[in-house]
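Enquirer: Here you go, one structure.
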Amino acid sequence: MKKIITLVFFLACYAILPSQVAIAAEGAKIGYVDLQKVLNLSKAGKAAKDQLAEKVKRYQDEINKKQEDLKKLKDSLEKQNGVLSDKSRSDKEKDYQQGLKELQRLTKDAQDELQAKDEELTRRILGDIEKVVQDFGKKNDFTMIFIRNESMLFAADKADLTEAVLKIFDSAKK
């Protein structure tokens with residue numbers, strides 16, 4: 001008997017709940033923002049990309065120079081292979097191996113630093129965007145503003161606040 005009463009209670013709640021949610025959502029003002037789009041198209045996002053691209057170029061130039069030096073050392077070693085004494089050949093091979101290790105270390109350090117810088121810049125910009133979205137939501141009386149992502153099955157275009165947030169964000173960053 002107790003199980004039947006519990007079952008009836010849950011069925012009644014299940015029948016009433018959707019209508020209550022619909023009533024509550026009727027007055028709600030809901031929107032979404034595509035953060036990736038704001039990051040990519042905003043002035044701050046473009047400046048961050050340019051800053052990272054500049055660092056990438058500097059590291060790439062340094063890596064290319066190191067690779068060229070190693071190639072010259074290897075070519076020299078191969079050309080002089082028959083002429084060099086065992087000691088000289090051994091010393092040059094050690095120099096080559098040491099240079100190779102330095103190149104690998106430089107490459108890894110560059111990747112780590114670039115990734116950390118990218119995360120730092122992105123985190124800072126996202127924090128600023130979040131403040132803009134919160135202010136926008138409060139000023140325009142929104143109930144909720146979501147982040148546009150792949151888990152959203154449907155979102156009407158009229159709920160897309162990305163362009164408005166982008167304009168406000170760019171004007172705030174001047």
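By order of appearance in the structure tokens: chains A, B, ..., then residues from 1 within every chain, and ligands from 1 in the order shown.
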Would you pick out the contacts of segment 132-144 of chain A at 6 Å or less, using only C-alpha atoms, so that residues sharing its chain but fewer than 3 positions from it are not included, and give the list as number ranges by chain?
Expert: A: 28-30, 129
Enquirer: Let me see the file: selected residues, N, CA and C atoms, as a PDB file, in the first residue's frame.
Expert:
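The result, stored in result.pdb:
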```pdb
ATOM      1  N   ALA A  28      10.645  34.452 -18.224  1.00  0.00           N
ATOM      2  CA  ALA A  28      12.104  34.467 -18.207  1.00  0.00           C
ATOM      3  C   ALA A  28      12.656  35.082 -19.485  1.00  0.00           C
ATOM      4  N   LYS A  29      13.738  35.814 -19.332  1.00  0.00           N
ATOM      5  CA  LYS A  29      14.442  36.388 -20.467  1.00  0.00           C
ATOM      6  C   LYS A  29      15.792  35.681 -20.525  1.00  0.00           C
ATOM      7  N   ILE A  30      15.988  34.883 -21.571  1.00  0.00           N
ATOM      8  CA  ILE A  30      17.158  34.011 -21.659  1.00  0.00           C
ATOM      9  C   ILE A  30      17.918  34.301 -22.950  1.00  0.00           C
ATOM     10  N   ILE A 129      35.268  39.468 -20.263  1.00  0.00           N
ATOM     11  CA  ILE A 129      34.024  39.210 -20.996  1.00  0.00           C
ATOM     12  C   ILE A 129      32.921  38.834 -20.014  1.00  0.00           C
TER      13      ILE A 129
END
```
Enquirer: Go through segment 135-154 of chain A and flag each residue having an atom no more than 6 Å from segment 31-47 of chain A; for those, report the closest pair of atoms plus their distance in Å to one decimal, using only C-alpha atoms, ordered by chain and rising number, as JSON lines.
Expert:
```
{"residue": "A:Ile145", "atom": "CA", "partner": "A:Gly31", "partner_atom": "CA", "distance": 4.7}
{"residue": "A:Phe146", "atom": "CA", "partner": "A:Tyr32", "partner_atom": "CA", "distance": 4.4}
{"residue": "A:Ile147", "atom": "CA", "partner": "A:Val33", "partner_atom": "CA", "distance": 5.2}
{"residue": "A:Arg148", "atom": "CA", "partner": "A:Asp34", "partner_atom": "CA", "distance": 4.7}
```
Enquirer: Could those selected residues go to a file with N, CA and C atoms, as a tab-separated table (two decimals), in the first residue's frame?
Expert:
```tsv
chain	number	residue	atom	x	y	z
A	145	ILE	N	21.88	33.96	-18.85
A	145	ILE	CA	22.65	34.03	-20.09
A	145	ILE	C	23.60	32.85	-20.07
A	146	PHE	N	23.51	32.03	-21.11
A	146	PHE	CA	24.31	30.81	-21.19
A	146	PHE	C	25.50	31.00	-22.12
A	147	ILE	N	26.45	30.08	-22.00
A	147	ILE	CA	27.57	30.02	-22.93
A	147	ILE	C	27.17	29.11	-24.07
A	148	ARG	N	27.33	29.58	-25.29
A	148	ARG	CA	27.03	28.76	-26.47
A	148	ARG	C	28.07	27.66	-26.57
```
Enquirer: Ranking A:Lys57, A:Leu103, A:Glu113, A:Lys87 by minimum distance to Lys71 of chain A and counting only C-alpha atoms, which one comes first?
Expert: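 Nearest to Lys71 of chain A: A:Leu103.
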Enquirer: If you run DSSP on this backbone, which residues of chain A come out as strand (DSSP E or B), and could you give them as a list in words?
Expert: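 Filtering chain A to strand (DSSP E or B) leaves Ile30, Gly31, Tyr32, Val33, Met144, Ile145, Phe146, Ile147 and Asp160 of chain A.
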Enquirer: Neighbours of Lys72 of chain A within 12 Å (only C-alpha atoms; same-chain residues fewer than 4 positions away dropped), as a PDB file with N, CA and C atoms, in the first residue's frame?
Expert:
```pdb
ATOM      1  N   LYS A  65      67.573  28.596 -36.294  1.00  0.00           N
ATOM      2  CA  LYS A  65      69.011  28.862 -36.248  1.00  0.00           C
ATOM      3  C   LYS A  65      69.741  27.686 -35.606  1.00  0.00           C
ATOM      4  N   LYS A  66      69.196  27.183 -34.518  1.00  0.00           N
ATOM      5  CA  LYS A  66      69.801  26.049 -33.817  1.00  0.00           C
ATOM      6  C   LYS A  66      69.822  24.817 -34.728  1.00  0.00           C
ATOM      7  N   GLN A  67      68.734  24.584 -35.470  1.00  0.00           N
ATOM      8  CA  GLN A  67      68.681  23.444 -36.390  1.00  0.00           C
ATOM      9  C   GLN A  67      69.714  23.598 -37.499  1.00  0.00           C
ATOM     10  N   GLU A  68      69.860  24.804 -38.006  1.00  0.00           N
ATOM     11  CA  GLU A  68      70.839  25.057 -39.071  1.00  0.00           C
ATOM     12  C   GLU A  68      72.259  24.811 -38.565  1.00  0.00           C
ATOM     13  N   SER A  76      79.609  18.660 -41.425  1.00  0.00           N
ATOM     14  CA  SER A  76      81.059  18.748 -41.211  1.00  0.00           C
ATOM     15  C   SER A  76      81.601  17.424 -40.673  1.00  0.00           C
ATOM     16  N   LEU A  77      80.871  16.848 -39.763  1.00  0.00           N
ATOM     17  CA  LEU A  77      81.274  15.573 -39.174  1.00  0.00           C
ATOM     18  C   LEU A  77      81.300  14.469 -40.241  1.00  0.00           C
ATOM     19  N   GLU A  78      80.290  14.450 -41.101  1.00  0.00           N
ATOM     20  CA  GLU A  78      80.230  13.427 -42.150  1.00  0.00           C
ATOM     21  C   GLU A  78      81.336  13.619 -43.199  1.00  0.00           C
ATOM     22  N   LYS A  79      81.618  14.879 -43.554  1.00  0.00           N
ATOM     23  CA  LYS A  79      82.649  15.156 -44.560  1.00  0.00           C
ATOM     24  C   LYS A  79      84.044  14.810 -44.053  1.00  0.00           C
ATOM     25  N   LYS A  92      83.357  15.936 -31.606  1.00  0.00           N
ATOM     26  CA  LYS A  92      82.335  16.532 -32.469  1.00  0.00           C
ATOM     27  C   LYS A  92      80.990  15.826 -32.321  1.00  0.00           C
ATOM     28  N   ASP A  95      79.498  17.106 -29.195  1.00  0.00           N
ATOM     29  CA  ASP A  95      78.963  18.456 -29.429  1.00  0.00           C
ATOM     30  C   ASP A  95      77.614  18.387 -30.150  1.00  0.00           C
ATOM     31  N   TYR A  96      77.552  17.499 -31.137  1.00  0.00           N
ATOM     32  CA  TYR A  96      76.304  17.339 -31.890  1.00  0.00           C
ATOM     33  C   TYR A  96      75.181  16.832 -30.974  1.00  0.00           C
ATOM     34  N   GLY A  99      74.102  19.572 -28.675  1.00  0.00           N
ATOM     35  CA  GLY A  99      73.285  20.542 -29.416  1.00  0.00           C
ATOM     36  C   GLY A  99      71.883  20.026 -29.670  1.00  0.00           C
TER      37      GLY A  99
END
```
Enquirer: Which of these, A:Leu100, A:Leu106, A:Leu70, A:Leu114, has the shortest distance to Val56 of chain A once you count only C-alpha atoms?
Expert: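 Closest to Val56 of chain A, using only C-alpha atoms: A:Leu114.
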Enquirer: Looking at only C-alpha atoms, which of A:Arg105, A:Asp112, A:Asp157, A:Phe169 is the one that sits closest to Glu130 of chain A?
Expert: A:Phe169
Enquirer: Pick out each residue of segment 86-162 of chain A that DSSP on the backbone tags as helix (DSSP H, G or I); I need them as a PyMOL selection string.
Expert: chain A and resi 86-139+157-159+162
Enquirer: Can you tell me how far atom CA of Ala159 of chain A sits from atom CA of Lys131 of chain A, in Å to one decimal?
Expert: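 Result for atom CA of Ala159 of chain A versus atom CA of Lys131 of chain A: 19.0 Å, one decimal.
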